file query.pdb (PDB, C-alpha atoms, pLDDT in the B column)
ATOM      1  CA  MET R   3     -43.979-145.717 117.288  1.00 47.00           C
ATOM      2  CA  SER R   4     -41.206-145.300 119.833  1.00 54.00           C
ATOM      3  CA  GLU R   5     -38.000-147.284 119.402  1.00 77.00           C
ATOM      4  CA  HIS R   6     -37.231-149.752 122.186  1.00 90.00           C
ATOM      5  CA  LEU R   7     -33.606-150.634 122.809  1.00 94.00           C
ATOM      6  CA  PHE R   8     -34.621-153.699 124.821  1.00 95.00           C
ATOM      7  CA  GLU R   9     -37.869-155.373 125.854  1.00 96.00           C
ATOM      8  CA  ASP R  10     -38.642-158.652 127.604  1.00 96.00           C
ATOM      9  CA  THR R  11     -40.780-160.201 130.313  1.00 98.00           C
ATOM     10  CA  PHE R  12     -38.941-161.053 133.525  1.00 98.00           C
ATOM     11  CA  VAL R  13     -39.723-163.259 136.514  1.00 98.00           C
ATOM     12  CA  VAL R  14     -38.483-162.106 139.928  1.00 98.00           C
ATOM     13  CA  THR R  15     -36.280-164.905 141.296  1.00 97.00           C
ATOM     14  CA  ARG R  16     -35.379-163.242 144.612  1.00 96.00           C
ATOM     15  CA  LEU R  17     -35.163-159.965 146.495  1.00 96.00           C
ATOM     16  CA  ASP R  18     -32.172-158.493 148.324  1.00 94.00           C
ATOM     17  CA  PRO R  19     -29.754-161.427 147.751  1.00 91.00           C
ATOM     18  CA  ASP R  20     -27.053-159.725 149.861  1.00 90.00           C
ATOM     19  CA  GLY R  21     -29.481-158.604 152.561  1.00 89.00           C
ATOM     20  CA  LYS R  22     -31.563-155.476 152.888  1.00 89.00           C
ATOM     21  CA  LYS R  23     -29.265-152.435 152.592  1.00 89.00           C
ATOM     22  CA  PHE R  24     -31.796-149.574 152.471  1.00 90.00           C
ATOM     23  CA  ASP R  25     -35.244-149.088 153.995  1.00 90.00           C
ATOM     24  CA  ARG R  26     -37.061-148.055 150.824  1.00 93.00           C
ATOM     25  CA  VAL R  27     -35.027-149.845 148.128  1.00 96.00           C
ATOM     26  CA  SER R  28     -34.810-153.519 147.222  1.00 96.00           C
ATOM     27  CA  ARG R  29     -32.408-155.198 144.831  1.00 97.00           C
ATOM     28  CA  VAL R  30     -34.466-157.403 142.531  1.00 97.00           C
ATOM     29  CA  GLU R  31     -32.928-160.417 140.787  1.00 98.00           C
ATOM     30  CA  ALA R  32     -34.870-161.551 137.753  1.00 98.00           C
ATOM     31  CA  ARG R  33     -34.549-163.785 134.694  1.00 98.00           C
ATOM     32  CA  SER R  34     -36.108-162.973 131.327  1.00 97.00           C
ATOM     33  CA  GLU R  35     -38.419-165.393 129.577  1.00 96.00           C
ATOM     34  CA  GLN R  36     -37.558-164.848 125.908  1.00 94.00           C
ATOM     35  CA  LEU R  37     -33.930-163.718 125.676  1.00 92.00           C
ATOM     36  CA  ASP R  38     -32.488-165.619 128.676  1.00 91.00           C
ATOM     37  CA  MET R  39     -31.169-162.444 130.299  1.00 96.00           C
ATOM     38  CA  TYR R  40     -30.245-162.037 133.967  1.00 97.00           C
ATOM     39  CA  MET R  41     -31.004-158.721 135.658  1.00 97.00           C
ATOM     40  CA  GLN R  42     -30.307-157.059 138.980  1.00 97.00           C
ATOM     41  CA  LEU R  43     -32.326-153.905 139.488  1.00 98.00           C
ATOM     42  CA  ASP R  44     -32.709-151.545 142.438  1.00 97.00           C
ATOM     43  CA  VAL R  45     -36.373-150.602 142.879  1.00 97.00           C
ATOM     44  CA  ALA R  46     -37.872-147.934 145.137  1.00 96.00           C
ATOM     45  CA  THR R  47     -40.209-150.198 147.106  1.00 93.00           C
ATOM     46  CA  ASP R  48     -42.140-147.368 148.738  1.00 92.00           C
ATOM     47  CA  VAL R  49     -43.338-146.519 145.202  1.00 94.00           C
ATOM     48  CA  TYR R  50     -43.386-149.932 143.492  1.00 96.00           C
ATOM     49  CA  HIS R  51     -43.644-153.203 145.462  1.00 93.00           C
ATOM     50  CA  MET R  52     -42.009-156.335 144.047  1.00 94.00           C
ATOM     51  CA  HIS R  53     -42.305-159.946 145.248  1.00 95.00           C
ATOM     52  CA  ALA R  54     -40.516-163.190 144.340  1.00 96.00           C
ATOM     53  CA  GLY R  55     -42.348-165.057 141.586  1.00 96.00           C
ATOM     54  CA  GLU R  56     -43.953-161.942 140.058  1.00 97.00           C
ATOM     55  CA  LYS R  57     -43.710-161.319 136.319  1.00 98.00           C
ATOM     56  CA  PHE R  58     -43.133-157.910 134.810  1.00 98.00           C
ATOM     57  CA  ASN R  59     -42.521-156.435 131.385  1.00 98.00           C
ATOM     58  CA  MET R  60     -39.415-154.223 131.204  1.00 97.00           C
ATOM     59  CA  VAL R  61     -38.490-151.812 128.405  1.00 97.00           C
ATOM     60  CA  LEU R  62     -35.359-149.722 127.929  1.00 97.00           C
ATOM     61  CA  ALA R  63     -35.994-146.781 125.598  1.00 95.00           C
ATOM     62  CA  PRO R  64     -34.052-143.644 124.636  1.00 94.00           C
ATOM     63  CA  THR R  65     -37.172-141.440 124.687  1.00 92.00           C
ATOM     64  CA  LEU R  66     -40.698-141.342 126.055  1.00 91.00           C
ATOM     65  CA  ASN R  67     -42.013-139.684 122.882  1.00 88.00           C
ATOM     66  CA  LEU R  68     -44.385-142.012 121.051  1.00 87.00           C
ATOM     67  CA  ASP R  69     -43.139-140.837 117.660  1.00 84.00           C
ATOM     68  CA  GLY R  70     -39.553-141.709 118.615  1.00 84.00           C
ATOM     69  CA  THR R  71     -38.256-138.130 118.511  1.00 85.00           C
ATOM     70  CA  PRO R  72     -35.257-137.598 120.809  1.00 85.00           C
ATOM     71  CA  ASP R  73     -35.771-136.591 124.405  1.00 79.00           C
ATOM     72  CA  THR R  74     -35.065-132.927 125.140  1.00 75.00           C
ATOM     73  CA  GLY R  75     -33.916-133.564 128.693  1.00 71.00           C
ATOM     74  CA  TYR R  76     -36.848-131.647 130.168  1.00 71.00           C
ATOM     75  CA  TYR R  77     -40.072-133.194 131.416  1.00 68.00           C
ATOM     76  CA  THR R  78     -43.297-131.263 131.142  1.00 69.00           C
ATOM     77  CA  GLN R  79     -46.728-132.353 132.252  1.00 68.00           C
ATOM     78  CA  ALA R  80     -48.316-130.897 129.139  1.00 72.00           C
ATOM     79  CA  GLY R  81     -51.021-133.546 128.954  1.00 77.00           C
ATOM     80  CA  ARG R  82     -49.647-135.225 125.858  1.00 81.00           C
ATOM     81  CA  LYS R  83     -49.482-139.013 125.648  1.00 88.00           C
ATOM     82  CA  THR R  84     -46.086-140.643 126.194  1.00 89.00           C
ATOM     83  CA  LEU R  85     -44.686-144.146 126.431  1.00 91.00           C
ATOM     84  CA  ALA R  86     -44.837-143.787 130.229  1.00 91.00           C
ATOM     85  CA  ASP R  87     -48.651-143.836 130.102  1.00 92.00           C
ATOM     86  CA  ASN R  88     -48.486-147.583 129.357  1.00 93.00           C
ATOM     87  CA  TYR R  89     -46.308-148.453 132.367  1.00 96.00           C
ATOM     88  CA  GLU R  90     -46.545-148.412 136.171  1.00 96.00           C
ATOM     89  CA  TYR R  91     -42.937-147.557 137.100  1.00 97.00           C
ATOM     90  CA  VAL R  92     -40.536-145.330 135.132  1.00 96.00           C
ATOM     91  CA  MET R  93     -36.937-144.311 135.836  1.00 96.00           C
ATOM     92  CA  HIS R  94     -34.548-142.086 133.877  1.00 95.00           C
ATOM     93  CA  GLY R  95     -30.809-142.636 133.912  1.00 96.00           C
ATOM     94  CA  LYS R  96     -27.590-143.217 132.071  1.00 97.00           C
ATOM     95  CA  LEU R  97     -25.763-146.266 130.762  1.00 97.00           C
ATOM     96  CA  TYR R  98     -22.298-146.068 132.298  1.00 97.00           C
ATOM     97  CA  LYS R  99     -20.579-149.360 131.449  1.00 97.00           C
ATOM     98  CA  ILE R 100     -20.714-152.120 128.845  1.00 95.00           C
ATOM     99  CA  SER R 101     -18.379-155.067 129.263  1.00 94.00           C
ATOM    100  CA  GLU R 102     -18.019-158.376 127.485  1.00 86.00           C
ATOM    101  CA  ASP R 103     -16.861-161.639 128.976  1.00 75.00           C
ATOM    102  CA  THR R 104     -15.172-163.418 126.066  1.00 69.00           C
ATOM    103  CA  SER R 105     -13.328-166.013 128.142  1.00 68.00           C
ATOM    104  CA  SER R 106     -15.518-168.739 126.634  1.00 64.00           C
ATOM    105  CA  SER R 107     -16.509-168.334 122.977  1.00 62.00           C
ATOM    106  CA  GLN R 108     -19.567-170.573 123.404  1.00 70.00           C
ATOM    107  CA  ASN R 109     -20.898-168.742 126.470  1.00 78.00           C
ATOM    108  CA  ALA R 110     -19.849-165.156 125.754  1.00 81.00           C
ATOM    109  CA  LYS R 111     -21.894-162.693 127.800  1.00 90.00           C
ATOM    110  CA  VAL R 112     -22.317-158.939 127.781  1.00 94.00           C
ATOM    111  CA  GLU R 113     -22.978-156.891 130.899  1.00 95.00           C
ATOM    112  CA  ILE R 114     -24.823-153.591 130.621  1.00 96.00           C
ATOM    113  CA  TYR R 115     -24.740-151.260 133.634  1.00 97.00           C
ATOM    114  CA  ALA R 116     -26.994-148.237 134.133  1.00 98.00           C
ATOM    115  CA  SER R 117     -27.634-145.838 136.992  1.00 98.00           C
ATOM    116  CA  PHE R 118     -31.024-144.267 137.605  1.00 97.00           C
ATOM    117  CA  GLY R 119     -30.281-141.578 140.162  1.00 94.00           C
ATOM    118  CA  GLY R 120     -28.260-144.052 142.229  1.00 94.00           C
ATOM    119  CA  LEU R 121     -30.604-146.996 141.686  1.00 97.00           C
ATOM    120  CA  LEU R 122     -28.507-149.450 139.682  1.00 97.00           C
ATOM    121  CA  MET R 123     -29.256-151.974 136.947  1.00 98.00           C
ATOM    122  CA  LEU R 124     -27.147-154.847 135.653  1.00 97.00           C
ATOM    123  CA  LEU R 125     -28.382-156.670 132.561  1.00 97.00           C
ATOM    124  CA  ARG R 126     -26.351-159.753 131.540  1.00 95.00           C
ATOM    125  CA  GLY R 127     -26.803-162.025 128.542  1.00 94.00           C
ATOM    126  CA  ASP R 128     -26.275-162.540 124.828  1.00 91.00           C
ATOM    127  CA  PRO R 129     -23.860-159.953 123.324  1.00 90.00           C
ATOM    128  CA  SER R 130     -26.261-159.293 120.428  1.00 89.00           C
ATOM    129  CA  THR R 131     -28.596-157.516 122.880  1.00 87.00           C
ATOM    130  CA  ALA R 132     -25.961-154.797 123.380  1.00 87.00           C
ATOM    131  CA  ALA R 133     -25.840-153.803 119.705  1.00 89.00           C
ATOM    132  CA  SER R 134     -28.197-150.847 120.135  1.00 91.00           C
ATOM    133  CA  PHE R 135     -26.627-149.512 123.354  1.00 95.00           C
ATOM    134  CA  GLU R 136     -23.937-146.832 123.610  1.00 95.00           C
ATOM    135  CA  LEU R 137     -21.786-145.734 126.522  1.00 96.00           C
ATOM    136  CA  ASP R 138     -23.141-142.614 128.296  1.00 96.00           C
ATOM    137  CA  GLN R 139     -26.513-143.107 126.591  1.00 95.00           C
ATOM    138  CA  ARG R 140     -29.536-141.660 128.398  1.00 93.00           C
ATOM    139  CA  LEU R 141     -32.208-144.286 129.051  1.00 94.00           C
ATOM    140  CA  PHE R 142     -35.720-144.671 130.347  1.00 95.00           C
ATOM    141  CA  LEU R 143     -36.520-147.896 132.178  1.00 97.00           C
ATOM    142  CA  LEU R 144     -40.248-148.687 132.120  1.00 97.00           C
ATOM    143  CA  MET R 145     -41.953-151.553 133.978  1.00 98.00           C
ATOM    144  CA  ARG R 146     -45.416-152.995 134.408  1.00 97.00           C
ATOM    145  CA  LYS R 147     -46.526-156.197 136.081  1.00 97.00           C
ATOM    146  CA  VAL R 148     -48.148-158.849 133.897  1.00 94.00           C
TER     147      VAL R 148
END
call {"tool": "encode", "arguments": {"input": "query.pdb", "output": "C-alpha coordinates"}}
result
Amino acid sequence: MSEHLFEDTFVVTRLDPDGKKFDRVSRVEARSEQLDMYMQLDVATDVYHMHAGEKFNMVLAPTLNLDGTPDTGYYTQAGRKTLADNYEYVMHGKLYKISEDTSSSQNAKVEIYASFGGLLMLLRGDPSTAASFELDQRLFLLMRKV
(Lines of atoms letter the chains of each structure in order from A and count residues from 1; the text may use other names and numbers.)
(Lines give C-alpha, C1' and ligand atoms only; values in the text may rest on other atoms or scores of the structure.)
Protein backbone atom coordinates (compact mmCIF):
# COMPACT_ATOMS: atom_id res chain seq x y z
CA MET A 1 0.00 0.00 0.00
CA SER A 2 1.17 3.52 -0.75
CA GLU A 3 2.94 5.49 1.96
CA HIS A 4 1.16 8.65 3.10
CA LEU A 5 3.27 11.45 4.52
CA PHE A 6 0.20 13.09 6.05
CA GLU A 7 -3.52 12.36 6.23
CA ASP A 8 -6.39 13.98 8.12
CA THR A 9 -9.96 15.18 7.76
CA PHE A 10 -10.38 18.94 7.58
CA VAL A 11 -13.33 21.30 8.01
CA VAL A 12 -13.40 24.44 5.86
CA THR A 13 -13.59 27.41 8.25
CA ARG A 14 -13.65 30.16 5.62
CA LEU A 15 -12.86 31.05 2.02
CA ASP A 16 -10.73 33.92 0.72
CA PRO A 17 -9.92 35.52 4.12
CA ASP A 18 -8.04 38.38 2.42
CA GLY A 19 -10.62 38.83 -0.33
CA LYS A 20 -10.97 37.19 -3.71
CA LYS A 21 -7.70 37.64 -5.63
CA PHE A 22 -8.30 35.45 -8.70
CA ASP A 23 -11.43 34.51 -10.65
CA ARG A 24 -10.92 30.75 -10.64
CA VAL A 25 -8.94 30.22 -7.42
CA SER A 26 -10.02 30.43 -3.79
CA ARG A 27 -7.84 30.34 -0.70
CA VAL A 28 -9.37 27.81 1.68
CA GLU A 29 -8.76 28.00 5.43
CA ALA A 30 -9.39 24.74 7.23
CA ARG A 31 -8.76 23.02 10.56
CA SER A 32 -8.07 19.30 10.91
CA GLU A 33 -10.14 17.11 13.17
CA GLN A 34 -7.57 14.63 14.50
CA LEU A 35 -4.17 16.33 14.54
CA ASP A 36 -5.27 19.93 15.26
CA MET A 37 -3.56 21.28 12.15
CA TYR A 38 -4.33 24.60 10.45
CA MET A 39 -4.19 24.76 6.66
CA GLN A 40 -4.41 27.40 3.97
CA LEU A 41 -4.78 25.93 0.50
CA ASP A 42 -5.34 27.50 -2.91
CA VAL A 43 -7.94 25.50 -4.84
CA ALA A 44 -8.92 25.81 -8.51
CA THR A 45 -12.62 26.46 -7.98
CA ASP A 46 -13.58 25.99 -11.63
CA VAL A 47 -12.52 22.35 -11.15
CA TYR A 48 -13.31 21.72 -7.47
CA HIS A 49 -15.88 23.81 -5.54
CA MET A 50 -15.39 24.34 -1.81
CA HIS A 51 -17.78 25.89 0.73
CA ALA A 52 -17.45 26.93 4.38
CA GLY A 53 -18.46 24.11 6.72
CA GLU A 54 -17.60 21.30 4.27
CA LYS A 55 -15.44 18.39 5.40
CA PHE A 56 -12.77 16.81 3.24
CA ASN A 57 -10.09 14.18 3.59
CA MET A 58 -6.62 15.38 2.54
CA VAL A 59 -3.56 13.22 1.89
CA LEU A 60 0.01 14.23 1.08
CA ALA A 61 1.90 11.40 -0.63
CA PRO A 62 5.24 11.11 -2.44
CA THR A 63 3.81 8.84 -5.16
CA LEU A 64 0.52 7.82 -6.73
CA ASN A 65 1.69 4.22 -7.14
CA LEU A 66 -0.35 1.90 -4.93
CA ASP A 67 2.67 -0.27 -4.18
CA GLY A 68 4.61 2.76 -2.92
CA THR A 69 7.26 2.67 -5.65
CA PRO A 70 8.77 6.11 -6.34
CA ASP A 71 7.20 8.40 -8.89
CA THR A 72 9.06 8.59 -12.20
CA GLY A 73 8.05 12.18 -12.88
CA TYR A 74 5.98 11.20 -15.92
CA TYR A 75 2.24 10.62 -15.94
CA THR A 76 0.75 8.09 -18.31
CA GLN A 77 -2.88 7.19 -18.71
CA ALA A 78 -2.04 3.51 -19.04
CA GLY A 79 -5.23 2.35 -17.35
CA ARG A 80 -3.52 1.10 -14.21
CA LYS A 81 -5.01 1.85 -10.80
CA THR A 82 -3.37 4.62 -8.76
CA LEU A 83 -3.98 6.38 -5.47
CA ALA A 84 -5.65 9.19 -7.46
CA ASP A 85 -8.56 6.86 -8.33
CA ASN A 86 -9.78 7.19 -4.72
CA TYR A 87 -9.86 11.00 -4.70
CA GLU A 88 -11.74 13.82 -6.44
CA TYR A 89 -9.00 16.48 -6.66
CA VAL A 90 -5.26 15.87 -7.14
CA MET A 91 -2.35 18.31 -7.41
CA HIS A 92 1.38 17.70 -7.89
CA GLY A 93 3.99 20.03 -6.48
CA LYS A 94 7.04 20.61 -4.37
CA LEU A 95 7.67 21.32 -0.70
CA TYR A 96 9.73 24.50 -0.65
CA LYS A 97 9.95 25.56 3.00
CA ILE A 98 9.79 24.04 6.48
CA SER A 99 10.07 26.38 9.44
CA GLU A 100 9.66 25.91 13.16
CA ASP A 101 8.41 28.46 15.64
CA THR A 102 10.23 27.56 18.87
CA SER A 103 9.54 30.83 20.69
CA SER A 104 7.31 28.95 23.14
CA SER A 105 8.38 25.43 24.11
CA GLN A 106 4.83 24.45 25.10
CA ASN A 107 3.24 25.67 21.85
CA ALA A 108 5.99 24.95 19.32
CA LYS A 109 4.59 24.82 15.79
CA VAL A 110 5.97 23.75 12.44
CA GLU A 111 4.97 25.35 9.15
CA ILE A 112 5.16 23.34 5.94
CA TYR A 113 4.91 25.24 2.65
CA ALA A 114 4.30 23.65 -0.76
CA SER A 115 3.60 24.99 -4.23
CA PHE A 116 1.42 23.14 -6.71
CA GLY A 117 2.04 25.00 -9.95
CA GLY A 118 1.55 28.33 -8.18
CA LEU A 119 -1.34 27.17 -5.99
CA LEU A 120 0.08 27.36 -2.47
CA MET A 121 -0.39 25.33 0.70
CA LEU A 122 0.52 26.18 4.28
CA LEU A 123 0.15 23.43 6.88
CA ARG A 124 0.79 24.49 10.50
CA GLY A 125 0.78 22.38 13.65
CA ASP A 126 2.64 19.90 15.82
CA PRO A 127 6.34 19.58 14.84
CA SER A 128 6.10 15.77 14.90
CA THR A 129 4.00 15.93 11.72
CA ALA A 130 7.02 17.28 9.82
CA ALA A 131 9.23 14.27 10.57
CA SER A 132 8.55 12.58 7.22
CA PHE A 133 8.90 15.73 5.08
CA GLU A 134 12.06 16.92 3.33
CA LEU A 135 12.89 20.22 1.67
CA ASP A 136 12.44 20.14 -2.14
CA GLN A 137 10.40 16.94 -1.83
CA ARG A 138 7.91 16.26 -4.63
CA LEU A 139 4.37 15.78 -3.31
CA PHE A 140 0.91 14.81 -4.43
CA LEU A 141 -1.99 16.47 -2.62
CA LEU A 142 -5.19 14.41 -2.86
CA MET A 143 -8.63 15.48 -1.61
CA ARG A 144 -12.14 14.10 -1.42
CA LYS A 145 -15.19 15.45 0.35
CA VAL A 146 -16.64 13.36 3.18
call {"tool": "atom_distance", "arguments": {"input": "query.pdb", "atom1": "atom CA of Ser134 of chain R", "atom2": "atom CA of Asp73 of chain R"}}
result
16.7 Å
call {"tool": "resolve_selection", "arguments": {"input": "query.pdb", "expression": "the PyMOL selection byres ((chain R and resi 99) around 7)", "output": "CSV table (one decimal) with C-alpha atoms, in the frame of the given file"}}
result
chain,number,residue,atom,x,y,z
R,97,LEU,CA,-25.8,-146.3,130.8
R,98,TYR,CA,-22.3,-146.1,132.3
R,100,ILE,CA,-20.7,-152.1,128.8
R,101,SER,CA,-18.4,-155.1,129.3
R,114,ILE,CA,-24.8,-153.6,130.6
R,115,TYR,CA,-24.7,-151.3,133.6
R,137,LEU,CA,-21.8,-145.7,126.5
call {"tool": "atom_distance", "arguments": {"input": "query.pdb", "atom1": "atom CA of Gly70 of chain R", "atom2": "atom CA of Ala133 of chain R"}}
result
18.3 Å
call {"tool": "residues_around", "arguments": {"input": "query.pdb", "residues": "Thr47 of chain R", "least_positions_apart": "6", "cutoff": "7 Å", "atoms": "all atoms listed in the file", "output": "mmCIF file with C-alpha atoms, in the coordinates of the input"}}
result
data_model
loop_
_atom_site.group_PDB
_atom_site.id
_atom_site.type_symbol
_atom_site.label_atom_id
_atom_site.label_comp_id
_atom_site.auth_asym_id
_atom_site.auth_seq_id
_atom_site.Cartn_x
_atom_site.Cartn_y
_atom_site.Cartn_z
ATOM 1 C CA ARG R 26 -37.061 -148.055 150.824
ATOM 2 C CA VAL R 27 -35.027 -149.845 148.128
ATOM 3 C CA SER R 28 -34.810 -153.519 147.222
#
call {"tool": "closest_residue", "arguments": {"input": "query.pdb", "among": "R:Leu68, R:Val45, R:Ala86, R:Val61", "to": "Phe24 of chain R", "atoms": "only C-alpha atoms"}}
result
R:Val45
call {"tool": "closest_residue", "arguments": {"input": "query.pdb", "among": "R:Glu9, R:Asp20, R:Glu31, R:Asp69", "to": "Thr131 of chain R", "atoms": "all atoms listed in the file"}}
result
R:Glu9
call {"tool": "residues_near_point", "arguments": {"input": "query.pdb", "point": "(-39.8, -163.3, 141.4)", "cutoff": "9 Å", "atoms": "all atoms listed in the file", "output": "PyMOL selection string"}}
result
chain R and resi 12-17+30-33+52-57
call {"tool": "write_last_selection", "arguments": {"input": "query.pdb", "atoms": "C-alpha atoms", "output": "CSV table (one decimal), in the coordinates of the input"}}
result
chain,number,residue,atom,x,y,z
R,12,PHE,CA,-38.9,-161.1,133.5
R,13,VAL,CA,-39.7,-163.3,136.5
R,14,VAL,CA,-38.5,-162.1,139.9
R,15,THR,CA,-36.3,-164.9,141.3
R,16,ARG,CA,-35.4,-163.2,144.6
R,17,LEU,CA,-35.2,-160.0,146.5
R,30,VAL,CA,-34.5,-157.4,142.5
R,31,GLU,CA,-32.9,-160.4,140.8
R,32,ALA,CA,-34.9,-161.6,137.8
R,33,ARG,CA,-34.5,-163.8,134.7
R,52,MET,CA,-42.0,-156.3,144.0
R,53,HIS,CA,-42.3,-159.9,145.2
R,54,ALA,CA,-40.5,-163.2,144.3
R,55,GLY,CA,-42.3,-165.1,141.6
R,56,GLU,CA,-44.0,-161.9,140.1
R,57,LYS,CA,-43.7,-161.3,136.3
call {"tool": "atom_distance", "arguments": {"input": "query.pdb", "atom1": "atom CA of Leu125 of chain R", "atom2": "atom CA of Asp48 of chain R"}}
result
23.2 Å
call {"tool": "closest_residue", "arguments": {"input": "query.pdb", "among": "R:Pro72, R:Thr65, R:Ala132, R:Tyr40", "to": "Leu85 of chain R", "atoms": "only C-alpha atoms"}}
result
R:Thr65
call {"tool": "resolve_selection", "arguments": {"input": "query.pdb", "expression": "the PyMOL selection byres ((chain R and resi 93-95) around 12)", "output": "ChimeraX atom specification"}}
result
/R:43-46,49-50,60-66,73,75-77,86,89-92,96-98,115-123,138-145
call {"tool": "closest_residue", "arguments": {"input": "query.pdb", "among": "R:Arg29, R:Lys111, R:Asn67, R:Asp38", "to": "Lys83 of chain R", "atoms": "only C-alpha atoms"}}
result
R:Asn67
call {"tool": "closest_residue", "arguments": {"input": "query.pdb", "among": "R:Phe8, R:Glu102, R:Lys147, R:Met39", "to": "Asn59 of chain R", "atoms": "all atoms listed in the file"}}
result
R:Lys147
call {"tool": "closest_residue", "arguments": {"input": "query.pdb", "among": "R:Phe58, R:Ser130, R:Thr74, R:Asp10", "to": "Glu35 of chain R", "atoms": "all atoms listed in the file"}}
result
R:Asp10
call {"tool": "decode", "arguments": {"input": "query.pdb", "residues": "segment 49-60 of chain R", "atoms": "all heavy atoms", "output": "mmCIF file, in the first residue's frame"}}
result
data_model
loop_
_atom_site.group_PDB
_atom_site.id
_atom_site.type_symbol
_atom_site.label_atom_id
_atom_site.label_comp_id
_atom_site.auth_asym_id
_atom_site.auth_seq_id
_atom_site.Cartn_x
_atom_site.Cartn_y
_atom_site.Cartn_z
ATOM 1 N N VAL R 49 -12.634 23.803 -11.091
ATOM 2 C CA VAL R 49 -12.515 22.347 -11.148
ATOM 3 C C VAL R 49 -13.115 21.696 -9.911
ATOM 4 O O VAL R 49 -13.755 20.659 -9.991
ATOM 5 C CB VAL R 49 -11.026 21.936 -11.273
ATOM 6 C CG1 VAL R 49 -10.863 20.430 -11.248
ATOM 7 C CG2 VAL R 49 -10.411 22.525 -12.518
ATOM 8 N N TYR R 50 -12.916 22.323 -8.739
ATOM 9 C CA TYR R 50 -13.313 21.721 -7.466
ATOM 10 C C TYR R 50 -13.886 22.803 -6.558
ATOM 11 O O TYR R 50 -13.152 23.644 -6.040
ATOM 12 C CB TYR R 50 -12.101 21.052 -6.818
ATOM 13 C CG TYR R 50 -12.439 20.045 -5.756
ATOM 14 C CD1 TYR R 50 -13.104 18.869 -6.072
ATOM 15 C CD2 TYR R 50 -12.078 20.257 -4.439
ATOM 16 C CE1 TYR R 50 -13.401 17.934 -5.110
ATOM 17 C CE2 TYR R 50 -12.366 19.330 -3.460
ATOM 18 C CZ TYR R 50 -13.030 18.161 -3.796
ATOM 19 O OH TYR R 50 -13.325 17.231 -2.827
ATOM 20 N N HIS R 51 -15.195 22.802 -6.360
ATOM 21 C CA HIS R 51 -15.876 23.814 -5.545
ATOM 22 C C HIS R 51 -15.749 23.485 -4.061
ATOM 23 O O HIS R 51 -15.907 22.335 -3.667
ATOM 24 C CB HIS R 51 -17.356 23.899 -5.916
ATOM 25 C CG HIS R 51 -17.590 24.289 -7.339
ATOM 26 N ND1 HIS R 51 -17.472 25.587 -7.768
ATOM 27 C CD2 HIS R 51 -17.892 23.551 -8.433
ATOM 28 C CE1 HIS R 51 -17.709 25.644 -9.062
ATOM 29 N NE2 HIS R 51 -17.964 24.416 -9.502
ATOM 30 N N MET R 52 -15.477 24.493 -3.267
ATOM 31 C CA MET R 52 -15.386 24.345 -1.808
ATOM 32 C C MET R 52 -16.304 25.373 -1.163
ATOM 33 O O MET R 52 -16.470 26.480 -1.686
ATOM 34 C CB MET R 52 -13.947 24.585 -1.334
ATOM 35 C CG MET R 52 -12.889 23.689 -1.946
ATOM 36 S SD MET R 52 -12.991 21.966 -1.448
ATOM 37 C CE MET R 52 -12.604 22.061 0.278
ATOM 38 N N HIS R 53 -16.885 25.004 -0.004
ATOM 39 C CA HIS R 53 -17.783 25.889 0.729
ATOM 40 C C HIS R 53 -17.459 25.807 2.219
ATOM 41 O O HIS R 53 -17.036 24.754 2.718
ATOM 42 C CB HIS R 53 -19.244 25.498 0.504
ATOM 43 C CG HIS R 53 -19.636 25.478 -0.940
ATOM 44 N ND1 HIS R 53 -19.862 26.623 -1.669
ATOM 45 C CD2 HIS R 53 -19.809 24.454 -1.808
ATOM 46 C CE1 HIS R 53 -20.176 26.312 -2.903
ATOM 47 N NE2 HIS R 53 -20.143 24.985 -3.024
ATOM 48 N N ALA R 54 -17.668 26.900 2.932
ATOM 49 C CA ALA R 54 -17.455 26.929 4.384
ATOM 50 C C ALA R 54 -18.328 25.867 5.038
ATOM 51 O O ALA R 54 -19.475 25.663 4.661
ATOM 52 C CB ALA R 54 -17.773 28.311 4.938
ATOM 53 N N GLY R 55 -17.746 25.150 5.996
ATOM 54 C CA GLY R 55 -18.457 24.108 6.722
ATOM 55 C C GLY R 55 -18.284 22.717 6.132
ATOM 56 O O GLY R 55 -18.599 21.727 6.793
ATOM 57 N N GLU R 56 -17.799 22.621 4.896
ATOM 58 C CA GLU R 56 -17.598 21.302 4.273
ATOM 59 C C GLU R 56 -16.428 20.573 4.918
ATOM 60 O O GLU R 56 -15.457 21.186 5.342
ATOM 61 C CB GLU R 56 -17.309 21.439 2.780
ATOM 62 C CG GLU R 56 -18.510 21.686 1.947
ATOM 63 C CD GLU R 56 -18.174 21.679 0.454
ATOM 64 O OE1 GLU R 56 -17.110 22.173 0.055
ATOM 65 O OE2 GLU R 56 -19.028 21.181 -0.288
ATOM 66 N N LYS R 57 -16.519 19.237 4.925
ATOM 67 C CA LYS R 57 -15.437 18.390 5.403
ATOM 68 C C LYS R 57 -14.798 17.690 4.211
ATOM 69 O O LYS R 57 -15.487 17.311 3.269
ATOM 70 C CB LYS R 57 -15.957 17.314 6.356
ATOM 71 C CG LYS R 57 -16.337 17.804 7.718
ATOM 72 C CD LYS R 57 -16.688 16.616 8.583
ATOM 73 C CE LYS R 57 -17.062 17.077 9.974
ATOM 74 N NZ LYS R 57 -17.298 15.928 10.870
ATOM 75 N N PHE R 58 -13.478 17.546 4.285
ATOM 76 C CA PHE R 58 -12.774 16.813 3.245
ATOM 77 C C PHE R 58 -11.586 16.075 3.838
ATOM 78 O O PHE R 58 -11.013 16.495 4.837
ATOM 79 C CB PHE R 58 -12.324 17.739 2.105
ATOM 80 C CG PHE R 58 -11.349 18.809 2.505
ATOM 81 C CD1 PHE R 58 -9.986 18.613 2.389
ATOM 82 C CD2 PHE R 58 -11.797 20.029 2.999
ATOM 83 C CE1 PHE R 58 -9.086 19.594 2.748
ATOM 84 C CE2 PHE R 58 -10.909 21.024 3.362
ATOM 85 C CZ PHE R 58 -9.545 20.811 3.236
ATOM 86 N N ASN R 59 -11.266 14.948 3.227
ATOM 87 C CA ASN R 59 -10.088 14.178 3.594
ATOM 88 C C ASN R 59 -8.945 14.653 2.705
ATOM 89 O O ASN R 59 -9.126 14.802 1.499
ATOM 90 C CB ASN R 59 -10.362 12.687 3.393
ATOM 91 C CG ASN R 59 -9.167 11.833 3.742
ATOM 92 O OD1 ASN R 59 -8.455 11.386 2.858
ATOM 93 N ND2 ASN R 59 -8.939 11.628 5.021
ATOM 94 N N MET R 60 -7.775 14.907 3.296
ATOM 95 C CA MET R 60 -6.621 15.380 2.543
ATOM 96 C C MET R 60 -5.429 14.479 2.848
ATOM 97 O O MET R 60 -5.157 14.163 4.002
ATOM 98 C CB MET R 60 -6.285 16.826 2.894
ATOM 99 C CG MET R 60 -5.296 17.480 1.935
ATOM 100 S SD MET R 60 -3.562 17.297 2.358
ATOM 101 C CE MET R 60 -3.423 18.285 3.800
#
